[in-house]
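final27.tsv (TSV, C-alpha atoms)
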```tsv
chain	number	residue	atom	x	y	z
A	295	MET	CA	12.12	-6.18	28.19
A	296	PRO	CA	11.51	-4.65	24.74
A	297	GLY	CA	11.95	-0.89	24.58
A	298	ILE	CA	13.80	-0.73	27.90
A	299	GLY	CA	17.46	0.11	27.48
A	300	PRO	CA	20.22	0.19	30.13
A	301	ARG	CA	19.28	3.71	31.34
A	302	SER	CA	15.57	2.93	31.68
A	303	ALA	CA	16.42	-0.36	33.40
A	304	GLU	CA	18.57	1.47	35.94
A	305	ARG	CA	15.83	4.03	36.63
A	306	ILE	CA	13.25	1.28	37.11
A	307	ALA	CA	15.62	-0.67	39.40
A	308	LEU	CA	16.23	2.39	41.58
A	309	TRP	CA	12.48	3.13	41.67
A	310	LEU	CA	11.84	-0.48	42.77
A	311	VAL	CA	14.15	-0.29	45.78
A	312	GLN	CA	13.24	3.27	46.81
A	313	ILE	CA	9.43	3.44	46.49
A	314	ARG	CA	7.22	3.03	49.57
A	315	GLY	CA	3.92	1.24	49.12
A	316	ASP	CA	3.16	-2.00	47.28
A	317	GLN	CA	2.96	-0.90	43.63
A	318	PRO	CA	5.97	-3.10	42.62
A	319	ASP	CA	4.31	-6.12	44.26
A	320	HIS	CA	1.10	-5.44	42.28
A	321	ILE	CA	3.15	-5.37	39.09
A	322	ALA	CA	4.92	-8.61	40.02
A	323	ARG	CA	1.57	-10.30	40.72
A	324	ALA	CA	0.11	-8.99	37.44
A	325	ILE	CA	3.06	-10.44	35.52
A	326	THR	CA	2.70	-13.82	37.25
A	327	THR	CA	-1.07	-13.91	36.72
A	328	THR	CA	-0.74	-13.00	33.05
A	329	ARG	CA	1.89	-15.69	32.51
A	330	GLU	CA	-0.31	-18.27	34.23
A	331	THR	CA	-3.66	-17.41	32.64
A	332	VAL	CA	-2.99	-16.18	29.09
A	333	ARG	CA	-2.18	-18.96	26.65
A	334	PRO	CA	-2.70	-19.54	22.94
A	335	CYS	CA	-6.25	-20.39	21.83
A	336	ILE	CA	-6.19	-24.08	20.87
A	337	LEU	CA	-8.10	-23.31	17.68
A	338	CYS	CA	-6.63	-20.11	16.21
A	339	GLY	CA	-3.50	-19.38	18.25
A	340	PHE	CA	-4.70	-15.95	19.44
A	341	PHE	CA	-4.37	-14.96	23.11
A	342	ALA	CA	-6.92	-16.69	25.33
A	343	THR	CA	-7.63	-17.07	29.01
A	344	GLY	CA	-9.64	-20.26	28.53
A	345	GLU	CA	-9.28	-23.01	25.94
A	346	LEU	CA	-10.78	-20.79	23.25
A	347	CYS	CA	-10.15	-17.08	22.67
A	348	ASP	CA	-12.89	-14.45	22.69
A	349	ILE	CA	-13.12	-14.49	18.88
A	350	CYS	CA	-13.37	-18.28	18.44
A	351	SER	CA	-15.95	-18.55	21.22
A	352	ASP	CA	-18.10	-15.66	19.93
A	353	PRO	CA	-21.21	-17.17	18.27
A	354	THR	CA	-22.15	-13.85	16.60
A	355	ARG	CA	-19.08	-13.87	14.36
A	356	VAL	CA	-19.29	-15.10	10.79
A	357	GLN	CA	-18.38	-18.79	10.98
A	358	ASP	CA	-17.53	-19.56	7.37
A	359	ILE	CA	-14.79	-17.01	6.59
A	360	LEU	CA	-11.28	-17.63	7.87
A	361	CYS	CA	-8.43	-15.13	7.82
A	362	ILE	CA	-4.89	-16.54	8.00
A	363	VAL	CA	-2.25	-14.34	9.64
A	364	GLU	CA	1.39	-14.85	10.57
A	365	GLN	CA	1.39	-13.81	14.23
A	366	PRO	CA	-1.37	-13.62	16.84
A	367	THR	CA	-0.44	-9.92	17.20
A	368	ASP	CA	-1.52	-9.38	13.56
A	369	ILE	CA	-5.10	-10.08	14.65
A	370	LEU	CA	-5.24	-6.89	16.77
A	371	PRO	CA	-4.77	-4.36	13.90
A	372	LEU	CA	-7.16	-6.34	11.68
A	373	GLU	CA	-9.81	-6.29	14.41
A	374	LYS	CA	-9.41	-2.51	14.75
A	375	THR	CA	-10.44	-2.00	11.11
A	376	SER	CA	-13.86	-3.65	11.77
A	377	ALA	CA	-13.70	-4.75	8.12
A	378	PHE	CA	-13.68	-8.43	9.02
A	379	ARG	CA	-16.22	-10.28	11.17
A	380	GLY	CA	-15.06	-13.81	10.50
A	381	ARG	CA	-12.52	-15.94	12.32
A	382	TYR	CA	-8.75	-16.16	12.33
A	383	HIS	CA	-5.94	-18.67	12.19
A	384	SER	CA	-2.49	-17.59	13.30
A	385	LEU	CA	0.41	-19.61	11.87
A	386	GLY	CA	2.85	-18.46	14.54
A	387	GLY	CA	5.33	-17.21	11.91
A	388	ARG	CA	6.18	-17.70	8.27
A	389	ILE	CA	8.40	-20.04	6.30
A	390	ALA	CA	11.91	-18.59	6.55
A	391	PRO	CA	14.66	-21.03	5.53
A	392	LEU	CA	17.41	-18.57	6.54
A	393	ASP	CA	16.06	-18.60	10.11
A	394	HIS	CA	15.55	-22.40	9.97
A	395	ILE	CA	11.75	-22.03	10.13
A	396	GLY	CA	10.09	-24.65	7.95
A	397	PRO	CA	6.40	-25.51	7.37
A	398	GLU	CA	6.53	-28.05	10.23
A	399	ASP	CA	7.35	-25.25	12.70
A	400	LEU	CA	4.09	-23.43	11.87
A	401	ARG	CA	0.50	-24.22	12.78
A	402	ILE	CA	-0.23	-25.53	9.28
A	403	ARG	CA	-1.40	-29.01	10.31
A	404	GLU	CA	-3.86	-27.37	12.70
A	405	LEU	CA	-5.07	-25.22	9.79
A	406	LEU	CA	-5.65	-28.25	7.54
A	407	ASP	CA	-7.54	-29.96	10.39
A	408	ARG	CA	-9.80	-26.90	10.72
A	409	VAL	CA	-10.45	-26.75	6.98
A	410	GLU	CA	-11.52	-30.42	7.11
A	411	LYS	CA	-13.83	-29.97	10.09
A	412	GLU	CA	-15.25	-26.45	9.72
A	413	PRO	CA	-17.33	-25.54	6.65
A	414	PHE	CA	-15.39	-22.48	5.41
A	415	SER	CA	-16.60	-20.82	2.22
A	416	GLU	CA	-13.65	-18.42	1.97
A	417	ILE	CA	-10.09	-18.35	3.29
A	418	ILE	CA	-8.35	-14.95	3.22
A	419	PHE	CA	-4.54	-14.88	3.25
A	420	ALA	CA	-3.39	-11.81	5.22
A	421	LEU	CA	0.35	-12.43	5.36
A	422	ALA	CA	3.05	-9.80	4.87
A	423	ALA	CA	3.56	-8.45	1.35
A	424	ASP	CA	7.20	-9.59	1.22
A	425	VAL	CA	9.08	-12.59	-0.15
A	426	GLU	CA	8.63	-14.86	2.89
A	427	GLY	CA	4.95	-13.94	3.38
A	428	GLU	CA	4.39	-14.65	-0.30
A	429	ALA	CA	6.23	-17.99	-0.16
A	430	THR	CA	4.20	-19.06	2.89
A	431	THR	CA	0.95	-18.07	1.17
A	432	ASN	CA	1.90	-20.05	-1.95
A	433	TYR	CA	2.86	-23.10	0.11
A	434	ILE	CA	-0.51	-23.18	1.88
A	435	VAL	CA	-2.50	-22.35	-1.28
A	436	ASP	CA	-0.86	-25.41	-2.83
A	437	LEU	CA	-2.03	-27.60	0.08
A	438	LEU	CA	-5.58	-26.23	-0.17
A	439	LYS	CA	-5.98	-26.05	-3.92
A	440	ASN	CA	-8.23	-29.10	-4.20
A	441	LYS	CA	-10.56	-28.05	-1.38
A	442	PRO	CA	-13.97	-26.59	-2.26
A	443	VAL	CA	-13.28	-23.18	-0.72
A	444	ALA	CA	-12.61	-19.72	-2.21
A	445	LEU	CA	-9.02	-18.58	-1.64
A	446	THR	CA	-8.37	-14.81	-1.56
A	447	ARG	CA	-5.57	-12.51	-0.48
A	448	ILE	CA	-5.65	-9.01	0.91
A	449	ALA	CA	-5.03	-6.32	-1.71
A	450	ARG	CA	-1.62	-4.94	-2.56
A	451	GLY	CA	-1.34	-1.38	-3.74
A	452	LEU	CA	-0.98	2.23	-2.73
A	453	PRO	CA	-1.22	2.63	1.07
A	454	ALA	CA	-3.82	5.10	2.39
A	455	GLY	CA	-2.69	8.72	2.17
A	456	GLY	CA	0.18	7.90	-0.16
A	457	GLY	CA	0.97	9.75	-3.36
A	458	LEU	CA	2.52	8.17	-6.43
A	459	GLU	CA	5.85	9.89	-5.87
A	460	SER	CA	6.33	8.21	-2.48
A	461	ALA	CA	5.52	4.68	-3.70
A	462	ASP	CA	8.24	2.26	-4.76
A	463	GLU	CA	8.29	0.59	-8.15
A	464	LEU	CA	6.92	-2.78	-7.04
A	465	THR	CA	4.03	-1.17	-5.14
A	466	LEU	CA	3.11	0.90	-8.21
A	467	TYR	CA	3.34	-2.20	-10.39
A	468	GLN	CA	0.99	-4.10	-8.07
A	469	ALA	CA	-1.34	-1.08	-7.84
A	470	LEU	CA	-1.55	-0.83	-11.63
A	471	SER	CA	-1.92	-4.53	-12.35
A	472	GLY	CA	-4.43	-4.98	-9.52
A	473	ARG	CA	-6.58	-2.01	-10.55
A	474	THR	CA	-10.25	-2.25	-9.70
A	475	SER	CA	-13.42	-1.18	-11.42
A	476	ILE	CA	-15.04	2.04	-10.18
A	477	PRO	CA	-18.76	1.63	-9.49
A	478	ARG	CA	-21.03	4.29	-11.04
B	1237	MET	CA	16.89	25.58	-6.30
B	1238	PRO	CA	15.33	22.61	-4.47
B	1239	GLY	CA	17.71	20.72	-2.23
B	1240	ILE	CA	20.29	23.52	-2.19
B	1241	GLY	CA	20.53	25.28	1.16
B	1242	PRO	CA	22.55	28.37	2.12
B	1243	ARG	CA	25.80	26.41	2.61
B	1244	SER	CA	25.56	24.57	-0.74
B	1245	ALA	CA	24.62	27.84	-2.46
B	1246	GLU	CA	27.72	29.51	-1.07
B	1247	ARG	CA	29.94	26.62	-2.18
B	1248	ILE	CA	28.47	26.72	-5.70
B	1249	ALA	CA	28.87	30.51	-5.88
B	1250	LEU	CA	32.54	30.28	-4.86
B	1251	TRP	CA	33.10	27.45	-7.37
B	1252	LEU	CA	31.52	29.62	-10.13
B	1253	VAL	CA	33.89	32.55	-9.60
B	1254	GLN	CA	37.03	30.46	-9.01
B	1255	ILE	CA	36.90	27.71	-11.64
B	1256	ARG	CA	38.89	28.05	-14.86
B	1257	GLY	CA	37.36	26.66	-18.05
B	1258	ASP	CA	33.84	27.06	-19.39
B	1259	GLN	CA	31.87	24.50	-17.40
B	1260	PRO	CA	29.64	27.19	-15.77
B	1261	ASP	CA	28.86	28.61	-19.22
B	1262	HIS	CA	27.85	25.12	-20.43
B	1263	ILE	CA	25.50	24.81	-17.45
B	1264	ALA	CA	24.04	28.26	-18.13
B	1265	ARG	CA	23.43	27.35	-21.76
B	1266	ALA	CA	21.90	24.00	-20.80
B	1267	ILE	CA	19.47	25.76	-18.45
B	1268	THR	CA	18.50	28.29	-21.15
B	1269	THR	CA	18.08	25.59	-23.79
B	1270	THR	CA	15.95	23.43	-21.49
B	1271	ARG	CA	13.74	26.40	-20.60
B	1272	GLU	CA	13.29	27.23	-24.27
B	1273	THR	CA	12.71	23.75	-25.67
B	1274	VAL	CA	10.90	21.70	-23.01
B	1275	ARG	CA	7.20	22.55	-22.72
B	1276	PRO	CA	4.05	20.60	-21.80
B	1277	CYS	CA	2.72	18.15	-24.40
B	1278	ILE	CA	-0.46	19.72	-25.81
B	1279	LEU	CA	-2.29	16.40	-25.46
B	1280	CYS	CA	-1.25	14.87	-22.13
B	1281	GLY	CA	0.68	17.59	-20.30
B	1282	PHE	CA	3.89	15.52	-19.97
B	1283	PHE	CA	7.28	17.06	-20.83
B	1284	ALA	CA	7.81	17.45	-24.58
B	1285	THR	CA	10.29	19.08	-26.90
B	1286	GLY	CA	7.84	19.24	-29.81
B	1287	GLU	CA	4.06	19.66	-29.78
B	1288	LEU	CA	3.58	16.07	-28.61
B	1289	CYS	CA	5.62	14.19	-26.02
B	1290	ASP	CA	7.45	10.94	-26.78
B	1291	ILE	CA	4.62	8.86	-25.32
B	1292	CYS	CA	1.76	10.55	-27.21
B	1293	SER	CA	3.67	10.41	-30.49
B	1294	ASP	CA	4.70	6.74	-30.09
B	1295	PRO	CA	2.50	4.65	-32.45
B	1296	THR	CA	3.53	1.36	-30.78
B	1297	ARG	CA	1.79	2.25	-27.50
B	1298	VAL	CA	-1.68	0.96	-26.73
B	1299	GLN	CA	-4.02	3.70	-27.99
B	1300	ASP	CA	-7.24	2.83	-26.18
B	1301	ILE	CA	-6.18	2.85	-22.51
B	1302	LEU	CA	-5.70	6.17	-20.74
B	1303	CYS	CA	-4.13	6.66	-17.32
B	1304	ILE	CA	-5.00	9.88	-15.45
B	1305	VAL	CA	-2.36	11.26	-13.07
B	1306	GLU	CA	-2.07	14.42	-11.03
B	1307	GLN	CA	1.34	15.72	-12.08
B	1308	PRO	CA	3.47	15.12	-15.18
B	1309	THR	CA	6.18	13.91	-12.78
B	1310	ASP	CA	3.86	11.03	-11.74
B	1311	ILE	CA	4.27	9.58	-15.23
B	1312	LEU	CA	7.98	8.82	-14.65
B	1313	PRO	CA	7.55	6.29	-11.79
B	1314	LEU	CA	4.61	4.66	-13.62
B	1315	GLU	CA	6.73	4.27	-16.76
B	1316	LYS	CA	9.49	2.63	-14.68
B	1317	THR	CA	7.15	-0.19	-13.65
B	1318	SER	CA	6.61	-1.21	-17.32
B	1319	ALA	CA	3.16	-2.36	-16.18
B	1320	PHE	CA	1.37	0.12	-18.40
B	1321	ARG	CA	1.78	0.56	-22.16
B	1322	GLY	CA	-1.12	2.92	-22.78
B	1323	ARG	CA	-1.23	6.70	-22.75
B	1324	TYR	CA	-1.45	9.33	-20.02
B	1325	HIS	CA	-3.30	12.49	-19.13
B	1326	SER	CA	-1.81	14.76	-16.49
B	1327	LEU	CA	-4.28	17.05	-14.73
B	1328	GLY	CA	-1.57	19.40	-13.47
B	1329	GLY	CA	-2.74	19.01	-9.86
B	1330	ARG	CA	-5.79	17.97	-7.88
B	1331	ILE	CA	-8.88	19.73	-6.55
B	1332	ALA	CA	-7.79	21.39	-3.28
B	1333	PRO	CA	-10.24	24.02	-2.01
B	1334	LEU	CA	-7.89	25.01	0.84
B	1335	ASP	CA	-5.24	25.96	-1.73
B	1336	HIS	CA	-7.89	27.63	-3.96
B	1337	ILE	CA	-7.44	25.00	-6.67
B	1338	GLY	CA	-10.77	24.19	-8.30
B	1339	PRO	CA	-11.69	21.92	-11.24
B	1340	GLU	CA	-11.29	24.86	-13.66
B	1341	ASP	CA	-7.60	25.14	-12.73
B	1342	LEU	CA	-6.93	21.57	-13.87
B	1343	ARG	CA	-6.70	20.10	-17.37
B	1344	ILE	CA	-10.16	18.54	-17.07
B	1345	ARG	CA	-11.72	20.20	-20.14
B	1346	GLU	CA	-8.79	18.88	-22.19
B	1347	LEU	CA	-9.49	15.42	-20.76
B	1348	LEU	CA	-13.17	15.53	-21.73
B	1349	ASP	CA	-12.16	16.67	-25.23
B	1350	ARG	CA	-9.82	13.69	-25.53
B	1351	VAL	CA	-12.49	11.26	-24.33
B	1352	GLU	CA	-14.83	12.61	-27.04
B	1353	LYS	CA	-12.26	12.36	-29.83
B	1354	GLU	CA	-10.16	9.31	-28.97
B	1355	PRO	CA	-11.78	5.87	-28.73
B	1356	PHE	CA	-10.69	4.84	-25.20
B	1357	SER	CA	-11.93	1.50	-23.88
B	1358	GLU	CA	-10.55	2.02	-20.35
B	1359	ILE	CA	-9.62	5.00	-18.22
B	1360	ILE	CA	-7.42	4.27	-15.18
B	1361	PHE	CA	-7.42	6.77	-12.32
B	1362	ALA	CA	-3.92	6.85	-10.76
B	1363	LEU	CA	-4.30	9.74	-8.33
B	1364	ALA	CA	-2.96	9.85	-4.78
B	1365	ALA	CA	-4.70	7.64	-2.18
B	1366	ASP	CA	-5.62	10.61	0.01
B	1367	VAL	CA	-8.70	12.80	0.51
B	1368	GLU	CA	-7.94	15.30	-2.28
B	1369	GLY	CA	-6.88	12.62	-4.77
B	1370	GLU	CA	-10.09	10.75	-3.96
B	1371	ALA	CA	-12.25	13.89	-4.34
B	1372	THR	CA	-10.67	14.69	-7.71
B	1373	THR	CA	-11.22	11.10	-8.90
B	1374	ASN	CA	-14.87	11.22	-7.84
B	1375	TYR	CA	-15.41	14.57	-9.54
B	1376	ILE	CA	-14.08	13.30	-12.87
B	1377	VAL	CA	-15.83	9.91	-12.59
B	1378	ASP	CA	-19.06	11.88	-12.22
B	1379	LEU	CA	-18.34	13.78	-15.45
B	1380	LEU	CA	-17.54	10.55	-17.32
B	1381	LYS	CA	-20.21	8.27	-15.91
B	1382	ASN	CA	-22.39	8.30	-19.02
B	1383	LYS	CA	-19.55	7.63	-21.46
B	1384	PRO	CA	-19.16	4.10	-22.88
B	1385	VAL	CA	-15.75	3.49	-21.29
B	1386	ALA	CA	-14.56	1.29	-18.41
B	1387	LEU	CA	-13.44	3.33	-15.39
B	1388	THR	CA	-10.87	1.74	-13.06
B	1389	ARG	CA	-8.58	2.88	-10.27
B	1390	ILE	CA	-5.20	1.62	-9.15
B	1391	ALA	CA	-5.37	-0.78	-6.22
B	1392	ARG	CA	-5.15	0.30	-2.58
B	1393	GLY	CA	-3.66	-2.06	-0.08
B	1394	LEU	CA	-0.51	-3.27	1.59
B	1395	PRO	CA	2.60	-1.74	-0.03
B	1396	ALA	CA	5.28	-4.15	-1.28
B	1397	GLY	CA	7.50	-5.49	1.49
B	1398	GLY	CA	5.15	-4.32	4.23
B	1399	GLY	CA	3.99	-6.41	7.14
B	1400	LEU	CA	0.60	-6.08	8.82
B	1401	GLU	CA	2.10	-4.51	11.92
B	1402	SER	CA	3.50	-1.55	9.96
B	1403	ALA	CA	0.27	-0.78	8.09
B	1404	ASP	CA	-2.20	1.83	9.33
B	1405	GLU	CA	-5.84	1.05	10.01
B	1406	LEU	CA	-7.23	2.55	6.79
B	1407	THR	CA	-4.68	0.71	4.64
B	1408	LEU	CA	-5.57	-2.59	6.33
B	1409	TYR	CA	-9.28	-1.84	5.87
B	1410	GLN	CA	-8.76	-1.22	2.15
B	1411	ALA	CA	-6.52	-4.28	1.84
B	1412	LEU	CA	-9.19	-6.47	3.47
B	1413	SER	CA	-12.18	-5.07	1.61
B	1414	GLY	CA	-10.31	-5.06	-1.70
B	1415	ARG	CA	-9.07	-8.63	-1.37
B	1416	THR	CA	-8.52	-10.52	-4.57
B	1417	SER	CA	-9.03	-14.09	-5.64
B	1418	ILE	CA	-5.94	-16.31	-5.73
B	1419	PRO	CA	-5.60	-18.22	-9.02
B	1420	ARG	CA	-4.95	-21.97	-8.67
```

Entire entry expressed as C-alpha cells:
Amino acid sequence: MPGIGPRSAERIALWLVQIRGDQPDHIARAITTTRETVRPCILCGFFATGELCDICSDPTRVQDILCIVEQPTDILPLEKTSAFRGRYHSLGGRIAPLDHIGPEDLRIRELLDRVEKEPFSEIIFALAADVEGEATTNYIVDLLKNKPVALTRIARGLPAGGGLESADELTLYQALSGRTSIPR
Amino acid sequence: MPGIGPRSAERIALWLVQIRGDQPDHIARAITTTRETVRPCILCGFFATGELCDICSDPTRVQDILCIVEQPTDILPLEKTSAFRGRYHSLGGRIAPLDHIGPEDLRIRELLDRVEKEPFSEIIFALAADVEGEATTNYIVDLLKNKPVALTRIARGLPAGGGLESADELTLYQALSGRTSIPR
C-alpha cells in the first residue's frame, strides 16, 4: 500500500495478529465494500457508487461548462477551491509516448461523444503545466477546433504566496506574457 | 557574509593568513571598488555604475512600458526570461506594517514623478503573489487610477512543470478564475 514501508507493514501485521476485538475484520469488510461499490462514473470518470457520480447527477451544477482533467483525483482539489461549479471529464492520464500511453488509452472518445451530445458553451483544459500535459491539451484542442465551443485553459503564472526570486525562468516568462489587466 | 557559516569563515580566515601571492589583496580591492562604484540608478533603483543603469540608459529598449518590482534583485530573473524589453522601477521593498515599512519608505514618490514625466502606455505590476505584495500593488494602483495608462499585473496560476496535485488551493483558484482563451 502507498506510504507503508517494510517497518510499518511489520507493525501492522503484528497488530493484526495480536489485537483482540473485531477492528481488523471491520477494515477488511470496508476494503471489500469499497472495491465492490466504488467504480468510475460512466460519464466523467470520477469516483461513483452508482452509474453516475455525485457531480454528474447534481442538477444544480452548471451544465454547459466542462473542465477536462488528467486524473479523477485532480477533481478533488479543484472542487475544494469552489471556483468552478460546472462539470468534469477525467481523461484517466495524459499522452506519454515514453510510457506507451497514446490517445487511444485515454477517455478521449468518450469526451468527443459528450461534446456532441451535451450543449457545452465552454471547455476548460486543466491539465498539468508540463510537456505531456501541454501535448495532451494541444491534441484535444486540435480535435475540437471546429466545434462551436469556447476553449480555455487554466492560467499559468506565479503560484500564490510566491515571490519573484523563488520562481523559475519559464514561470516568470509565462507570468509576464500572460499578464492581466487590473480593474479600477 | 550570506551563506558563510562559522566553519567556512574559519577556513577562509586560515586561507587568508597562509596563502602566498596577492589574491586576498585583489579580493579586498575588488570589494572596495564595488562599494565605491556601484550605486542605485537614480531613475529605477537598479544597480548602476554611473547615474543611470544599463537598462535606463539603453535607447533600444521599449520606452513606454514600465515594470514595477519590489527589489532591484527582482530585475535579474525578469531580464533572464527575455519576455520584457521595457524599463523597470524598483520600489526597494513592499508595504509591511509589521516590519514598520510604510509607503513613505518606498520609492513611490519617484515612481509618480516618472509617470508624470515619461509617456508610459502600460505599467506592469510584478510584485510577489502574497498578501504584502498584493497590498502594495493595490496601494499604488489607487494612486495611479486616474492616469491615462494601462495597468496590468503578471499572471497568477500554475507554475511551469506543476501538476494539479502539487498546487495549493489558492493557486488553483487563481488558475481557474484567471483562465485564458486557447487560440485555434

Residue contacts of B:Cys1289 (12 Å, all atoms listed in the file) excluding same-chain residues fewer than 3 positions away, as a short mmCIF file (atom, residue, chain, number, x, y, z; two decimals) with C-alpha atoms, in the frame of the given file:
```
data_model
loop_
_atom_site.label_atom_id
_atom_site.label_comp_id
_atom_site.auth_asym_id
_atom_site.auth_seq_id
_atom_site.Cartn_x
_atom_site.Cartn_y
_atom_site.Cartn_z
CA THR B 1273 12.71 23.75 -25.67
CA VAL B 1274 10.90 21.70 -23.01
CA ARG B 1275 7.20 22.55 -22.72
CA PRO B 1276 4.05 20.60 -21.80
CA CYS B 1277 2.72 18.15 -24.40
CA ILE B 1278 -0.46 19.72 -25.81
CA LEU B 1279 -2.29 16.40 -25.46
CA CYS B 1280 -1.25 14.87 -22.13
CA GLY B 1281 0.68 17.59 -20.30
CA PHE B 1282 3.89 15.52 -19.97
CA PHE B 1283 7.28 17.06 -20.83
CA ALA B 1284 7.81 17.45 -24.58
CA THR B 1285 10.29 19.08 -26.90
CA GLY B 1286 7.84 19.24 -29.81
CA CYS B 1292 1.76 10.55 -27.21
CA SER B 1293 3.67 10.41 -30.49
CA ASP B 1294 4.70 6.74 -30.09
CA PRO B 1295 2.50 4.65 -32.45
CA PRO B 1308 3.47 15.12 -15.18
CA ILE B 1311 4.27 9.58 -15.23
CA ARG B 1323 -1.23 6.70 -22.75
CA TYR B 1324 -1.45 9.33 -20.02
CA HIS B 1325 -3.30 12.49 -19.13
#
```

Would you mind listing, for every residue of chain A within 7 Å of chain B, the two atoms forming the shortest contact and the distance between them in Å to one decimal, using all atoms listed in the file, sorted by chain and ascending residue number, as a tab-separated table?
```
residue	atom	partner	partner_atom	distance
A:Asp368	CA	B:Leu1400	CA	6.2
A:Pro371	CA	B:Glu1405	CA	6.7
A:Leu372	CA	B:Leu1408	CA	6.7
A:Lys374	CA	B:Glu1405	CA	6.9
A:Thr375	CA	B:Tyr1409	CA	5.4
A:Ala377	CA	B:Tyr1409	CA	5.8
A:Ala422	CA	B:Gly1399	CA	4.2
A:Ala423	CA	B:Gly1397	CA	4.9
A:Asp424	CA	B:Gly1397	CA	4.1
A:Lys439	CA	B:Arg1420	CA	6.3
A:Leu445	CA	B:Ile1418	CA	5.6
A:Thr446	CA	B:Ser1417	CA	4.2
A:Arg447	CA	B:Arg1415	CA	5.3
A:Ile448	CA	B:Arg1415	CA	4.1
A:Ala449	CA	B:Ala1411	CA	4.4
A:Arg450	CA	B:Gly1393	CA	4.3
A:Gly451	CA	B:Arg1392	CA	4.3
A:Leu452	CA	B:Arg1392	CA	4.6
A:Pro453	CA	B:Thr1407	CA	5.3
A:Ala454	CA	B:Thr1407	CA	5.0
A:Gly455	CA	B:Asp1366	CA	4.1
A:Gly456	CA	B:Ala1365	CA	5.3
A:Gly457	CA	B:Ala1364	CA	4.2
A:Leu458	CA	B:Ala1364	CA	6.0
A:Glu459	CA	B:Asp1310	CA	6.3
A:Glu463	CA	B:Thr1317	CA	5.7
A:Leu464	CA	B:Ala1396	CA	6.1
A:Thr465	CA	B:Ala1396	CA	5.0
A:Leu466	CA	B:Leu1314	CA	6.8
A:Tyr467	CA	B:Thr1317	CA	5.4
A:Ala469	CA	B:Ala1391	CA	4.4
A:Leu470	CA	B:Ile1390	CA	5.0
A:Ser471	CA	B:Ala1319	CA	6.7
A:Gly472	CA	B:Ala1391	CA	5.4
A:Arg473	CA	B:Ile1390	CA	4.1
A:Thr474	CA	B:Thr1388	CA	5.3
A:Ser475	CA	B:Thr1388	CA	4.2
A:Ile476	CA	B:Thr1388	CA	5.1
A:Arg478	CA	B:Lys1381	CA	6.3
```

Quick one: pull the distance between atom CA of A:Arg379 and atom CA of A:Arg408, Å, one decimal.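 Separating atom CA of A:Arg379 from atom CA of A:Arg408 is a distance of 17.8 Å.
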
Leaving out B:Pro1333 and any residue of its chain fewer than 6 positions from it, which residues lie within 12 Å of it when counting all atoms listed in the file, given as number ranges by chain? B: 1339-1341, 1367-1368, 1371-1372

Rounded to one decimal in Å, what is the spacing between atom CA of B:Glu1287 and atom CA of B:Arg1330? 24.1 Å

Output stretch 302-312 of chain A as a PDB file, in the coordinates of the input, making sure N, CA, C and O atoms are there.
```
ATOM      1  N   SER A 302      16.918   3.133  31.142  1.00  0.00           N
ATOM      2  CA  SER A 302      15.570   2.930  31.680  1.00  0.00           C
ATOM      3  C   SER A 302      15.600   1.848  32.753  1.00  0.00           C
ATOM      4  O   SER A 302      14.948   1.953  33.798  1.00  0.00           O
ATOM      5  N   ALA A 303      16.351   0.763  32.462  1.00  0.00           N
ATOM      6  CA  ALA A 303      16.420  -0.360  33.400  1.00  0.00           C
ATOM      7  C   ALA A 303      16.964   0.116  34.749  1.00  0.00           C
ATOM      8  O   ALA A 303      16.441  -0.261  35.818  1.00  0.00           O
ATOM      9  N   GLU A 304      17.986   0.965  34.694  1.00  0.00           N
ATOM     10  CA  GLU A 304      18.570   1.470  35.940  1.00  0.00           C
ATOM     11  C   GLU A 304      17.553   2.313  36.708  1.00  0.00           C
ATOM     12  O   GLU A 304      17.397   2.171  37.926  1.00  0.00           O
ATOM     13  N   ARG A 305      16.828   3.180  35.965  1.00  0.00           N
ATOM     14  CA  ARG A 305      15.830   4.030  36.630  1.00  0.00           C
ATOM     15  C   ARG A 305      14.744   3.193  37.287  1.00  0.00           C
ATOM     16  O   ARG A 305      14.306   3.458  38.403  1.00  0.00           O
ATOM     17  N   ILE A 306      14.297   2.141  36.553  1.00  0.00           N
ATOM     18  CA  ILE A 306      13.250   1.280  37.110  1.00  0.00           C
ATOM     19  C   ILE A 306      13.772   0.557  38.347  1.00  0.00           C
ATOM     20  O   ILE A 306      13.077   0.461  39.372  1.00  0.00           O
ATOM     21  N   ALA A 307      15.030   0.062  38.281  1.00  0.00           N
ATOM     22  CA  ALA A 307      15.620  -0.670  39.400  1.00  0.00           C
ATOM     23  C   ALA A 307      15.699   0.227  40.651  1.00  0.00           C
ATOM     24  O   ALA A 307      15.325  -0.194  41.756  1.00  0.00           O
ATOM     25  N   LEU A 308      16.143   1.466  40.442  1.00  0.00           N
ATOM     26  CA  LEU A 308      16.230   2.390  41.580  1.00  0.00           C
ATOM     27  C   LEU A 308      14.853   2.711  42.144  1.00  0.00           C
ATOM     28  O   LEU A 308      14.655   2.794  43.354  1.00  0.00           O
ATOM     29  N   TRP A 309      13.854   2.869  41.238  1.00  0.00           N
ATOM     30  CA  TRP A 309      12.480   3.130  41.670  1.00  0.00           C
ATOM     31  C   TRP A 309      11.961   1.986  42.528  1.00  0.00           C
ATOM     32  O   TRP A 309      11.336   2.176  43.571  1.00  0.00           O
ATOM     33  N   LEU A 310      12.301   0.723  42.075  1.00  0.00           N
ATOM     34  CA  LEU A 310      11.840  -0.480  42.770  1.00  0.00           C
ATOM     35  C   LEU A 310      12.323  -0.515  44.219  1.00  0.00           C
ATOM     36  O   LEU A 310      11.568  -0.891  45.130  1.00  0.00           O
ATOM     37  N   VAL A 311      13.597  -0.166  44.430  1.00  0.00           N
ATOM     38  CA  VAL A 311      14.150  -0.290  45.780  1.00  0.00           C
ATOM     39  C   VAL A 311      13.815   0.922  46.657  1.00  0.00           C
ATOM     40  O   VAL A 311      13.845   0.834  47.887  1.00  0.00           O
ATOM     41  N   GLN A 312      13.461   2.062  46.025  1.00  0.00           N
ATOM     42  CA  GLN A 312      13.240   3.270  46.810  1.00  0.00           C
ATOM     43  C   GLN A 312      11.784   3.530  47.159  1.00  0.00           C
ATOM     44  O   GLN A 312      11.476   4.193  48.151  1.00  0.00           O
TER      45      GLN A 312
END
```
